[in-house]
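Next comes input.cif, a file with mmCIF, C-alpha atoms.
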data_coords
#
loop_
_atom_site.label_atom_id
_atom_site.label_comp_id
_atom_site.auth_asym_id
_atom_site.auth_seq_id
_atom_site.Cartn_x
_atom_site.Cartn_y
_atom_site.Cartn_z
CA MET G 12 -3.70 2.15 -23.97
CA GLU G 13 -7.18 3.60 -23.55
CA TYR G 14 -7.51 7.03 -22.02
CA ASN G 15 -10.93 8.13 -23.28
CA TYR G 16 -12.46 7.09 -19.98
CA PHE G 17 -10.64 9.96 -18.29
CA ALA G 18 -11.46 12.63 -20.86
CA THR G 19 -14.12 14.15 -18.60
CA ILE G 20 -12.04 14.14 -15.41
CA PRO G 21 -11.37 17.67 -14.15
CA LYS G 22 -7.68 18.55 -14.28
CA ASP G 23 -7.99 21.55 -11.99
CA PHE G 24 -7.05 19.78 -8.79
CA PRO G 25 -6.42 22.14 -5.84
CA GLU G 26 -2.81 23.21 -5.41
CA LEU G 27 -0.83 20.99 -3.04
CA LYS G 28 -0.02 22.81 0.20
CA ASN G 29 2.08 20.18 1.98
CA ASP G 30 4.47 18.28 -0.30
CA THR G 31 6.75 17.03 2.50
CA PHE G 32 5.86 13.38 1.84
CA LEU G 33 6.68 13.64 -1.88
CA ARG G 34 9.94 15.48 -1.19
CA ALA G 35 10.99 12.84 1.35
CA ALA G 36 10.32 10.13 -1.23
CA ARG G 37 12.72 11.97 -3.56
CA GLY G 38 15.36 12.27 -0.82
CA GLU G 39 15.22 16.06 -0.50
CA GLU G 40 16.01 18.18 2.55
CA LEU G 41 12.96 18.87 4.73
CA GLU G 42 11.73 21.03 7.60
CA HIS G 43 10.21 17.97 9.32
CA ILE G 44 9.89 14.26 8.63
CA PRO G 45 6.53 13.35 7.06
CA VAL G 46 4.34 10.71 8.67
CA TRP G 47 1.32 8.64 7.72
CA CYS G 48 -0.01 5.25 8.83
CA MET G 49 -1.08 2.17 6.99
CA ARG G 50 -4.78 1.60 7.77
CA GLN G 51 -5.05 5.18 9.04
CA ALA G 52 -8.62 5.08 7.72
CA GLY G 53 -9.76 2.25 9.97
CA ARG G 54 -11.85 0.82 12.76
CA TYR G 55 -9.84 2.48 15.52
CA LEU G 56 -11.77 5.66 14.66
CA PRO G 57 -15.33 5.89 16.10
CA GLU G 58 -16.47 7.88 13.07
CA PHE G 59 -15.17 5.12 10.77
CA ARG G 60 -17.18 2.49 12.65
CA GLU G 61 -20.25 4.70 12.52
CA SER G 62 -19.89 5.25 8.77
CA ARG G 63 -19.41 1.54 8.10
CA ALA G 64 -22.12 0.22 10.46
CA GLY G 65 -24.43 -2.29 8.80
CA LYS G 66 -22.82 -1.93 5.36
CA ASP G 67 -21.17 -4.60 3.26
CA PHE G 68 -17.41 -4.02 3.03
CA PHE G 69 -17.04 -4.35 -0.73
CA GLU G 70 -20.23 -2.39 -1.29
CA THR G 71 -18.49 0.43 0.59
CA CYS G 72 -15.38 -0.03 -1.59
CA ARG G 73 -17.54 0.42 -4.69
CA SER G 74 -18.96 3.74 -3.46
CA PRO G 75 -16.68 6.68 -4.40
CA GLU G 76 -18.50 8.92 -1.91
CA ALA G 77 -18.01 6.46 0.96
CA CYS G 78 -14.34 5.84 0.10
CA CYS G 79 -13.69 9.57 -0.08
CA GLU G 80 -15.31 10.19 3.31
CA LEU G 81 -13.38 7.35 4.98
CA THR G 82 -10.10 8.57 3.45
CA LEU G 83 -10.64 12.08 4.78
CA GLN G 84 -11.71 11.13 8.32
CA PRO G 85 -8.19 10.70 9.80
CA LEU G 86 -7.04 13.99 8.25
CA ARG G 87 -9.68 15.84 10.28
CA ARG G 88 -8.17 14.47 13.50
CA PHE G 89 -4.45 14.24 12.85
CA SER G 90 -1.79 16.23 10.99
CA PHE G 91 -0.78 13.35 8.70
CA ASP G 92 1.43 14.33 5.76
CA ALA G 93 -0.29 11.96 3.31
CA ALA G 94 -3.61 10.20 2.79
CA ILE G 95 -4.14 6.76 1.27
CA ILE G 96 -7.33 6.04 -0.64
CA PHE G 97 -9.74 3.72 1.17
CA SER G 98 -10.04 0.52 -0.85
CA ASP G 99 -8.81 -3.09 -0.67
CA ILE G 100 -6.15 -5.12 -2.45
CA LEU G 101 -8.71 -7.84 -3.30
CA VAL G 102 -10.61 -5.68 -5.77
CA VAL G 103 -8.07 -6.97 -8.34
CA PRO G 104 -9.09 -10.66 -8.04
CA GLN G 105 -12.71 -9.48 -8.19
CA ALA G 106 -11.97 -7.64 -11.43
CA MET G 107 -10.49 -10.90 -12.78
CA GLY G 108 -13.79 -12.70 -12.16
CA MET G 109 -13.38 -14.18 -8.69
CA GLU G 110 -15.96 -13.78 -5.95
CA VAL G 111 -14.66 -12.36 -2.67
CA GLN G 112 -16.72 -11.87 0.46
CA MET G 113 -15.77 -10.09 3.67
CA SER G 114 -16.94 -12.25 6.55
CA PRO G 115 -17.34 -10.59 10.00
CA GLY G 116 -14.70 -11.91 12.37
CA LYS G 117 -13.10 -14.01 9.62
CA GLY G 118 -11.88 -11.54 7.02
CA PRO G 119 -11.83 -12.02 3.25
CA THR G 120 -13.17 -15.30 1.90
CA PHE G 121 -13.11 -16.74 -1.62
CA PRO G 122 -16.06 -19.20 -1.89
CA GLU G 123 -14.39 -20.86 -4.90
CA PRO G 124 -10.59 -20.53 -4.62
CA LEU G 125 -8.19 -21.76 -7.29
CA LYS G 126 -7.27 -25.36 -6.54
CA GLU G 127 -5.52 -26.72 -9.63
CA PRO G 128 -3.96 -25.11 -12.73
CA GLU G 129 -7.06 -25.81 -14.84
CA ASP G 130 -8.93 -23.40 -12.57
CA LEU G 131 -7.01 -20.56 -14.22
CA GLN G 132 -9.48 -20.92 -17.09
CA ARG G 133 -12.11 -19.37 -14.81
CA LEU G 134 -10.22 -16.08 -14.78
CA LYS G 135 -10.86 -13.41 -17.39
CA THR G 136 -8.14 -13.52 -20.02
CA LYS G 137 -8.48 -9.80 -20.68
CA VAL G 138 -9.60 -7.47 -17.89
CA ASP G 139 -11.08 -4.10 -18.80
CA VAL G 140 -9.63 -2.29 -15.79
CA TRP G 141 -11.23 1.02 -16.78
CA SER G 142 -14.66 -0.60 -16.51
CA GLU G 143 -14.15 -3.13 -13.71
CA LEU G 144 -12.33 -0.78 -11.30
CA ASP G 145 -13.76 2.58 -12.35
CA TYR G 146 -15.17 3.05 -8.84
CA VAL G 147 -11.63 3.23 -7.44
CA PHE G 148 -10.61 5.81 -10.04
CA LYS G 149 -13.71 7.88 -9.31
CA ALA G 150 -12.98 7.72 -5.57
CA ILE G 151 -9.43 8.97 -6.16
CA THR G 152 -10.56 11.87 -8.34
CA LEU G 153 -13.30 12.87 -5.91
CA THR G 154 -10.90 12.69 -2.96
CA ARG G 155 -8.23 14.74 -4.75
CA HIS G 156 -10.78 17.54 -5.01
CA ARG G 157 -12.21 17.20 -1.51
CA ILE G 158 -8.79 16.95 0.14
CA GLU G 159 -8.28 20.51 -1.11
CA GLY G 160 -4.53 20.11 -1.53
CA LYS G 161 -3.97 19.54 2.18
CA VAL G 162 -1.69 16.52 1.61
CA PRO G 163 -0.83 14.15 -1.26
CA LEU G 164 -3.08 11.16 -2.00
CA ILE G 165 -1.57 7.67 -2.25
CA GLY G 166 -3.01 4.94 -4.46
CA PHE G 167 -2.13 1.27 -3.94
CA THR G 168 -2.38 -2.34 -5.00
CA GLY G 169 -1.55 -5.77 -3.70
CA ALA G 170 1.50 -7.39 -5.34
CA PRO G 171 1.11 -10.48 -7.55
CA TRP G 172 2.37 -13.11 -5.08
CA THR G 173 0.22 -11.75 -2.24
CA LEU G 174 -2.90 -11.74 -4.43
CA MET G 175 -2.08 -15.20 -5.80
CA SER G 176 -1.83 -16.50 -2.25
CA TYR G 177 -5.28 -15.19 -1.34
CA MET G 178 -6.80 -16.57 -4.55
CA ILE G 179 -5.51 -20.09 -3.83
CA GLU G 180 -5.78 -20.16 -0.03
CA GLY G 181 -9.32 -18.82 -0.19
CA GLY G 182 -8.59 -16.27 2.55
CA GLY G 183 -5.98 -15.52 5.17
CA SER G 184 -3.47 -18.21 6.15
CA THR G 185 -0.63 -18.74 8.61
CA THR G 186 1.28 -21.28 6.47
CA HIS G 187 0.20 -20.35 2.91
CA SER G 188 0.78 -24.04 2.21
CA LYS G 189 -1.85 -24.30 -0.54
CA ALA G 190 -0.37 -21.39 -2.47
CA LYS G 191 3.21 -22.53 -1.88
CA ARG G 192 2.22 -26.00 -3.12
CA TRP G 193 1.60 -24.35 -6.49
CA LEU G 194 5.07 -22.79 -6.50
CA TYR G 195 6.75 -26.16 -5.98
CA ARG G 196 4.34 -28.41 -7.91
CA TYR G 197 3.10 -26.11 -10.66
CA PRO G 198 5.81 -23.50 -11.28
CA GLU G 199 4.71 -22.88 -14.88
CA ALA G 200 1.09 -22.29 -13.88
CA SER G 201 2.27 -20.12 -10.99
CA HIS G 202 4.22 -17.87 -13.35
CA LYS G 203 1.24 -17.73 -15.70
CA LEU G 204 -1.02 -16.51 -12.88
CA LEU G 205 1.60 -14.06 -11.58
CA SER G 206 2.00 -12.65 -15.10
CA GLN G 207 -1.76 -12.25 -15.50
CA LEU G 208 -1.94 -10.43 -12.18
CA THR G 209 1.00 -8.20 -13.13
CA ASP G 210 -0.73 -7.12 -16.35
CA VAL G 211 -3.88 -6.12 -14.47
CA ILE G 212 -1.92 -4.40 -11.68
CA VAL G 213 0.07 -2.25 -14.13
CA GLU G 214 -3.12 -1.01 -15.83
CA TYR G 215 -4.76 -0.50 -12.44
CA LEU G 216 -1.90 1.62 -11.11
CA LEU G 217 -1.79 3.69 -14.31
CA GLY G 218 -5.51 4.29 -13.94
CA GLN G 219 -4.98 5.49 -10.39
CA VAL G 220 -2.33 7.97 -11.53
CA GLN G 221 -4.60 9.22 -14.29
CA ALA G 222 -7.38 9.62 -11.75
CA GLY G 223 -5.19 11.76 -9.49
CA ALA G 224 -3.03 9.52 -7.25
CA GLN G 225 0.20 11.35 -6.39
CA ALA G 226 2.12 8.29 -5.14
CA LEU G 227 1.67 4.52 -5.35
CA GLN G 228 2.32 1.75 -2.83
CA VAL G 229 2.63 -1.92 -3.75
CA PHE G 230 1.84 -4.25 -0.84
CA GLU G 231 3.70 -7.58 -0.91
CA SER G 232 2.18 -8.57 2.41
CA HIS G 233 3.03 -12.28 2.21
CA THR G 234 6.77 -12.04 1.59
CA GLY G 235 7.48 -13.61 4.97
CA CYS G 236 6.22 -17.04 3.99
CA LEU G 237 8.73 -17.26 1.13
CA GLY G 238 12.38 -18.16 1.41
CA PRO G 239 15.06 -16.11 -0.39
CA VAL G 240 15.14 -18.46 -3.43
CA GLU G 241 11.35 -18.45 -3.90
CA PHE G 242 11.23 -14.69 -3.37
CA LYS G 243 13.73 -14.16 -6.18
CA GLU G 244 11.75 -16.39 -8.53
CA PHE G 245 8.10 -15.71 -7.72
CA SER G 246 7.97 -12.23 -6.18
CA LEU G 247 10.91 -9.97 -7.02
CA PRO G 248 10.74 -10.23 -10.87
CA TYR G 249 7.10 -9.16 -10.84
CA LEU G 250 7.71 -6.31 -8.40
CA ARG G 251 10.46 -5.07 -10.73
CA ASP G 252 8.25 -5.49 -13.78
CA ILE G 253 5.45 -3.44 -12.20
CA ALA G 254 7.77 -0.53 -11.35
CA ARG G 255 9.42 -0.52 -14.77
CA ARG G 256 6.22 -0.78 -16.81
CA VAL G 257 4.29 1.78 -14.76
CA LYS G 258 7.13 4.30 -14.98
CA ASP G 259 7.65 3.72 -18.71
CA GLN G 260 3.97 4.15 -19.51
CA ILE G 261 3.62 7.21 -17.29
CA LYS G 262 6.49 8.79 -19.22
CA GLU G 263 5.03 7.81 -22.60
CA SER G 264 1.65 9.25 -21.62
CA GLY G 265 3.07 12.61 -20.58
CA LEU G 266 1.77 12.22 -17.03
CA ASP G 267 3.61 13.61 -14.01
CA ASN G 268 5.99 11.08 -12.48
CA VAL G 269 4.86 9.73 -9.12
CA PRO G 270 7.02 8.08 -6.44
CA MET G 271 6.44 4.37 -5.95
CA ILE G 272 6.78 2.51 -2.64
CA VAL G 273 7.30 -1.23 -2.26
CA PHE G 274 6.35 -2.77 1.08
CA ALA G 275 7.44 -6.40 1.36
CA LYS G 276 6.45 -7.38 4.89
CA ASP G 277 8.92 -9.69 6.64
CA GLY G 278 11.17 -9.55 3.57
CA HIS G 279 14.30 -8.48 5.45
CA TYR G 280 16.35 -11.08 3.56
CA GLY G 281 15.54 -9.25 0.30
CA LEU G 282 16.35 -5.70 1.39
CA GLU G 283 19.27 -5.25 -1.00
CA ASP G 284 17.25 -6.56 -3.93
CA LEU G 285 14.28 -4.37 -3.04
CA SER G 286 16.49 -1.29 -2.96
CA GLU G 287 17.42 -2.00 -6.60
CA SER G 288 13.93 -2.96 -7.82
CA GLY G 289 12.96 0.39 -9.34
CA TYR G 290 11.00 1.93 -6.47
CA GLU G 291 11.87 5.28 -4.92
CA VAL G 292 10.88 4.11 -1.44
CA VAL G 293 11.23 0.79 0.40
CA GLY G 294 8.78 0.27 3.25
CA LEU G 295 10.04 -1.64 6.29
CA ASP G 296 8.32 -3.70 8.95
CA TRP G 297 9.40 -3.50 12.60
CA THR G 298 11.76 -6.49 12.44
CA ILE G 299 14.45 -4.45 10.66
CA ASP G 300 16.89 -2.21 12.52
CA PRO G 301 16.85 1.34 11.03
CA ARG G 302 20.64 1.76 10.97
CA SER G 303 21.12 -1.67 9.42
CA ALA G 304 18.52 -0.86 6.77
CA ARG G 305 20.38 2.35 5.87
CA ILE G 306 23.65 0.46 5.46
CA ARG G 307 22.12 -2.39 3.46
CA THR G 308 20.23 -0.13 1.05
CA GLY G 309 23.31 2.05 0.54
CA GLY G 310 21.44 5.31 0.05
CA LYS G 311 19.84 4.06 -3.17
CA VAL G 312 16.27 4.65 -1.90
CA SER G 313 14.27 6.50 0.69
CA LEU G 314 12.98 4.35 3.55
CA GLN G 315 9.55 4.21 5.16
CA GLY G 316 8.50 2.73 8.50
CA ASN G 317 8.88 1.04 10.83
CA MET G 318 7.62 1.39 14.42
CA ASP G 319 5.98 -1.70 15.87
CA PRO G 320 2.22 -0.95 15.75
CA CYS G 321 1.89 -2.42 19.23
CA ALA G 322 4.08 0.40 20.57
CA LEU G 323 0.92 2.51 20.28
CA TYR G 324 -0.45 0.63 23.30
CA ALA G 325 2.24 2.35 25.38
CA THR G 326 1.83 5.64 27.24
CA LYS G 327 2.19 8.85 25.25
CA GLU G 328 5.52 9.54 26.94
CA ARG G 329 6.82 6.11 26.00
CA ILE G 330 5.56 6.54 22.42
CA SER G 331 7.52 9.79 22.21
CA GLU G 332 10.72 8.05 23.40
CA ILE G 333 10.29 5.20 20.88
CA VAL G 334 9.69 7.65 18.03
CA LYS G 335 12.77 9.69 18.97
CA ARG G 336 14.98 6.59 18.93
CA MET G 337 13.50 5.49 15.59
CA LEU G 338 14.13 8.87 13.95
CA GLU G 339 17.70 8.95 15.24
CA GLY G 340 18.22 5.52 13.67
CA PHE G 341 16.88 6.43 10.24
CA GLY G 342 18.19 9.99 10.10
CA THR G 343 16.21 12.89 8.70
CA LYS G 344 16.89 12.66 4.95
CA GLY G 345 15.13 10.23 2.61
CA TYR G 346 12.81 9.01 5.33
CA ILE G 347 9.04 8.76 5.80
CA ALA G 348 7.82 7.82 9.27
CA ASN G 349 5.20 5.10 9.49
CA LEU G 350 4.36 1.96 11.43
CA GLY G 351 5.79 -1.41 10.45
CA HIS G 352 2.26 -2.56 9.59
CA GLY G 353 -1.27 -1.20 9.82
CA LEU G 354 -3.15 0.27 12.78
CA TYR G 355 -5.19 -2.22 14.80
CA PRO G 356 -8.92 -1.72 15.52
CA ASP G 357 -8.54 -1.50 19.32
CA MET G 358 -5.96 1.30 19.32
CA ASP G 359 -6.64 4.61 21.06
CA PRO G 360 -6.94 7.47 18.55
CA GLU G 361 -5.21 9.75 21.07
CA ASN G 362 -2.12 7.55 20.93
CA VAL G 363 -2.14 7.76 17.14
CA GLY G 364 -2.18 11.53 17.53
CA ALA G 365 0.72 11.30 19.99
CA PHE G 366 2.70 9.28 17.43
CA VAL G 367 2.15 11.86 14.68
CA GLU G 368 2.99 14.76 16.99
CA ALA G 369 6.13 13.04 18.25
CA VAL G 370 7.39 12.51 14.70
CA HIS G 371 6.91 16.17 13.84
CA THR G 372 8.33 17.50 17.11
CA HIS G 373 11.43 15.28 17.33
CA SER G 374 12.23 15.54 13.62
CA ARG G 375 12.17 19.34 13.73
CA GLN G 376 14.54 19.25 16.68
CA LEU G 377 16.90 16.84 14.92
CA ILE G 378 16.88 18.91 11.71
CA ASN G 379 17.44 22.18 13.55
CA ARG G 380 20.47 20.73 15.32
CA LYS G 381 22.28 20.21 12.02
#
Take the structure in the file and give it back as structure tokens.
Amino acid sequence: MEYNYFATIPKDFPELKNDTFLRAARGEELEHIPVWCMRQAGRYLPEFRESRAGKDFFETCRSPEACCELTLQPLRRFSFDAAIIFSDILVVPQAMGMEVQMSPGKGPTFPEPLKEPEDLQRLKTKVDVWSELDYVFKAITLTRHRIEGKVPLIGFTGAPWTLMSYMIEGGGSTTHSKAKRWLYRYPEASHKLLSQLTDVIVEYLLGQVQAGAQALQVFESHTGCLGPVEFKEFSLPYLRDIARRVKDQIKESGLDNVPMIVFAKDGHYGLEDLSESGYEVVGLDWTIDPRSARIRTGGKVSLQGNMDPCALYATKERISEIVKRMLEGFGTKGYIANLGHGLYPDMDPENVGAFVEAVHTHSRQLINRK
């Protein structure tokens, strides 16, 4: 492995003041349940829209200063217990040589998606992650300093199957039929692509840890379009491989261990497998009952989630009631509060604040009753 790139990175990061999120990931006793939101740096914030106005999305992703500012914006408003670096999962396909554009009103678009197995020849056989994705590493290091130890910083990546789906579909999809065609028609080529993605992802996550990430989340956002058999063949082995290889290489490199979170959206059928896949935390979407999730995971992992994002359209009083019920379902140990997916652009920031406050208030009451 190459580490020279990081030789000049300052190691004197500010001391962490709030480690509640990290302790929850390890299943320790807490004073309150930690909370953060997927897409907490997002368009629901007026200051985010102002910062992003008139700028190309991926150009913003390649600016460490811009990513740092966008990451810090929600922390100035809300008492989140963690921050997640502003970036995008599709920087990995870009690093592998594919063009990705962010089209207004349409989302990510690949002008030349992969159509047949021979198209794999267009991908770089060896990706220099340290060079291709250095802007993400720089953003993480800069943010670790500017966050001043307020909360931990989470790094992330898309999982192999989810990235493969985008690369073949050419963008978002409701059926994922083009990508699933590969699984059934070209299983060997599918595994080749998934393996290539896994290799890049492992190096990318290690780079994020070296740069200062204190936790890692792997987004398998397209689990829901797979059945249990396909999940066990084309998703789960690669998720396991990522966790094992990242942890092994962190240990070999003498770096501090970081908790890893796997979020397989709509993957309720794979909950038992996910709890044994090598991650400290399993993220849950809103289709899973908290008490059922506790039973099915058998205390092997901490859990994260899983309030329906649309519950934030409710009144603040109703949000408080929903949060209270959710916390009672999960219990207060080995739990990180979050939504079951990301925040939507039209949500009221005040309701996001009400969600965060409700988690802290109700969790303190539950813990004090023990």
Closest to His156 in chain G among G:Ala348, G:Pro198, G:His279, G:Leu83, using all atoms listed in the file?
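When distances to His156 in chain G are compared using all atoms listed in the file, the smallest one comes from G:Leu83.
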Distance criterion (all atoms listed in the file): nearest to Ser142 in chain G out of G:Phe121, G:Tyr197, G:Tyr215, G:Tyr290
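The shortest atom-to-atom distance to Ser142 in chain G comes from G:Tyr215.
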For this file, the PyMOL selection byres ((chain G and resi 60-68) around 12) selects which residues, as an NGL selection string?
:G and (52-59 or 69-74 or 76-82 or 84 or 97-99 or 101-102 or 111-115 or 118-119 or 356-357)
Please identify all polymer residues within 6 Å of range 276-278 of chain G, counting only C-alpha atoms, omitting same-chain residues fewer than 3 positions from it, and present them as a count of residues only.
5
Shortest contact to Arg307 in chain G, candidates G:Ser184, G:Tyr355, G:Ile151, G:Asp284, atoms counted only C-alpha atoms, goes to G:Asp284
Take the PyMOL selection byres ((chain G and resi 250-263) around 10), run it mentally on this structure, and tell me the resulting residues as number ranges by chain.
G: 12, 170-172, 206, 209-217, 220-221, 227, 229-231, 245-249, 264-273, 275, 284-285, 287-291
To test the calculation: enclose all listed atoms of range 59-75 of chain G in a box whose edges run along x, y and z, add 6 Å on each side, then state centre and edge lengths in Å to one decimal, as JSON.
{"center_x": -19.8, "center_y": 1.0, "center_z": 4.0, "size_x": 21.3, "size_y": 23.3, "size_z": 29.3}
With a distance cut-off of 12 Å and only C-alpha atoms, select the neighbouring residues of range 177-179 of chain G, excluding the residue or stretch itself and same-chain residues fewer than 6 positions from it, and output the selection as a VMD selection string.
chain G and resid 100 to 105 107 to 111 118 to 128 130 to 131 133 to 134 169 to 171 185 to 194 201 204 to 205 208 231 to 233
Keeping C-alpha atoms, export the residues of the selection given above as a short mmCIF file (atom, residue, chain, number, x, y, z; two decimals), in the frame of the given file.
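File produced: out.cif:
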data_model
loop_
_atom_site.label_atom_id
_atom_site.label_comp_id
_atom_site.auth_asym_id
_atom_site.auth_seq_id
_atom_site.Cartn_x
_atom_site.Cartn_y
_atom_site.Cartn_z
CA ILE G 100 -6.15 -5.12 -2.45
CA LEU G 101 -8.71 -7.84 -3.30
CA VAL G 102 -10.61 -5.68 -5.77
CA VAL G 103 -8.07 -6.97 -8.34
CA PRO G 104 -9.09 -10.66 -8.04
CA GLN G 105 -12.71 -9.48 -8.19
CA MET G 107 -10.49 -10.90 -12.78
CA GLY G 108 -13.79 -12.70 -12.16
CA MET G 109 -13.38 -14.18 -8.69
CA GLU G 110 -15.96 -13.78 -5.95
CA VAL G 111 -14.66 -12.36 -2.67
CA GLY G 118 -11.88 -11.54 7.02
CA PRO G 119 -11.83 -12.02 3.25
CA THR G 120 -13.17 -15.30 1.90
CA PHE G 121 -13.11 -16.74 -1.62
CA PRO G 122 -16.06 -19.20 -1.89
CA GLU G 123 -14.39 -20.86 -4.90
CA PRO G 124 -10.59 -20.53 -4.62
CA LEU G 125 -8.19 -21.76 -7.29
CA LYS G 126 -7.27 -25.36 -6.54
CA GLU G 127 -5.52 -26.72 -9.63
CA PRO G 128 -3.96 -25.11 -12.73
CA ASP G 130 -8.93 -23.40 -12.57
CA LEU G 131 -7.01 -20.56 -14.22
CA ARG G 133 -12.11 -19.37 -14.81
CA LEU G 134 -10.22 -16.08 -14.78
CA GLY G 169 -1.55 -5.77 -3.70
CA ALA G 170 1.50 -7.39 -5.34
CA PRO G 171 1.11 -10.48 -7.55
CA THR G 185 -0.63 -18.74 8.61
CA THR G 186 1.28 -21.28 6.47
CA HIS G 187 0.20 -20.35 2.91
CA SER G 188 0.78 -24.04 2.21
CA LYS G 189 -1.85 -24.30 -0.54
CA ALA G 190 -0.37 -21.39 -2.47
CA LYS G 191 3.21 -22.53 -1.88
CA ARG G 192 2.22 -26.00 -3.12
CA TRP G 193 1.60 -24.35 -6.49
CA LEU G 194 5.07 -22.79 -6.50
CA SER G 201 2.27 -20.12 -10.99
CA LEU G 204 -1.02 -16.51 -12.88
CA LEU G 205 1.60 -14.06 -11.58
CA LEU G 208 -1.94 -10.43 -12.18
CA GLU G 231 3.70 -7.58 -0.91
CA SER G 232 2.18 -8.57 2.41
CA HIS G 233 3.03 -12.28 2.21
#
Point out the residue among G:Gly181, G:Pro163, G:Gly353, G:Gly294 with the least atom-to-atom distance to Gln228 in chain G, counting all atoms listed in the file.
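Distance minimum relative to Gln228 in chain G lands on G:Gly294.
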Neighbour list for Ala93 in chain G as a PDB file with C-alpha atoms, keeping the file's coordinate frame, cut-off 8 Å, all atoms listed in the file, skip fewer than 5 positions in-chain:
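Dumped everything to selection.pdb:
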ATOM      1  CA  PHE G  32       5.860  13.380   1.840  1.00  0.00           C
ATOM      2  CA  PRO G  45       6.530  13.350   7.060  1.00  0.00           C
ATOM      3  CA  VAL G  46       4.340  10.710   8.670  1.00  0.00           C
ATOM      4  CA  TRP G  47       1.320   8.640   7.720  1.00  0.00           C
ATOM      5  CA  VAL G 162      -1.690  16.520   1.610  1.00  0.00           C
ATOM      6  CA  PRO G 163      -0.830  14.150  -1.260  1.00  0.00           C
ATOM      7  CA  LEU G 164      -3.080  11.160  -2.000  1.00  0.00           C
ATOM      8  CA  ILE G 165      -1.570   7.670  -2.250  1.00  0.00           C
TER       9      ILE G 165
END
Length of the CA of Pro25 in chain G to CA of Gly160 in chain G vector [Å]
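We find that CA of Pro25 in chain G and CA of Gly160 in chain G lie 5.1 Å from each other.
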In Å, how far is it from CA of Gly340 in chain G to CA of Phe274 in chain G?
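Here the two named atoms are 19.2 Å from each other.
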Rounded to one decimal in Å, what is the spacing between CA of Pro360 in chain G and CA of Thr31 in chain G?
23.2 Å
9 Å contact set for Glu40 in chain G, all atoms listed in the file, chain neighbours under 2 positions out, as a PyMOL selection string:
chain G and resi 34-35+38+42-43+343-345
So, with only C-alpha atoms as the atoms that count, which of G:Glu159, G:Asp92, G:Glu283, G:Glu332 lies closest to Gly310 in chain G?
G:Glu283
Which residues, named as in the file, does the PyMOL selection byres ((chain G and resi 370) around 9) pick out? Answer as a list in words.
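So the PyMOL selection byres ((chain G and resi 370) around 9), applied here, picks out His43, Ile44, Pro45, Val46, Ser331, Val334, Lys335, Leu338, Ala348, Ala365, Phe366, Val367, Glu368, Ala369, His371, Thr372, His373, Ser374 and Arg375 of chain G.
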Go through G:Met175, G:Ala222, G:Met358, G:Leu86 and flag the residue nearest Tyr146 in chain G, using all atoms listed in the file for the distances.
G:Ala222
Step by step: locate range 146-157 of chain G in the block above, keep N, CA and C atoms, then write the file as a tab-separated table (two decimals), in the first residue's frame.
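File selection-v9.tsv, as written:
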chain	number	residue	atom	x	y	z
G	146	TYR	N	-9.21	14.67	-3.75
G	146	TYR	CA	-10.04	15.79	-3.31
G	146	TYR	C	-10.97	15.40	-2.16
G	147	VAL	N	-11.40	14.14	-2.13
G	147	VAL	CA	-12.23	13.67	-1.02
G	147	VAL	C	-11.38	13.59	0.25
G	148	PHE	N	-10.18	13.05	0.12
G	148	PHE	CA	-9.29	12.93	1.28
G	148	PHE	C	-8.95	14.32	1.84
G	149	LYS	N	-8.68	15.25	0.96
G	149	LYS	CA	-8.37	16.61	1.40
G	149	LYS	C	-9.57	17.26	2.11
G	150	ALA	N	-10.76	16.99	1.59
G	150	ALA	CA	-11.97	17.54	2.22
G	150	ALA	C	-12.15	16.97	3.62
G	151	ILE	N	-11.87	15.68	3.78
G	151	ILE	CA	-12.00	15.05	5.10
G	151	ILE	C	-11.01	15.64	6.08
G	152	THR	N	-9.76	15.78	5.66
G	152	THR	CA	-8.73	16.33	6.55
G	152	THR	C	-9.07	17.77	6.94
G	153	LEU	N	-9.45	18.56	5.97
G	153	LEU	CA	-9.80	19.96	6.24
G	153	LEU	C	-10.98	20.03	7.21
G	154	THR	N	-11.98	19.20	6.99
G	154	THR	CA	-13.18	19.22	7.83
G	154	THR	C	-12.87	18.75	9.25
G	155	ARG	N	-12.00	17.73	9.38
G	155	ARG	CA	-11.62	17.29	10.72
G	155	ARG	C	-11.03	18.44	11.54
G	156	HIS	N	-10.27	19.30	10.89
G	156	HIS	CA	-9.70	20.45	11.59
G	156	HIS	C	-10.77	21.51	11.89
G	157	ARG	N	-11.58	21.80	10.89
G	157	ARG	CA	-12.55	22.89	11.04
G	157	ARG	C	-13.73	22.51	11.93
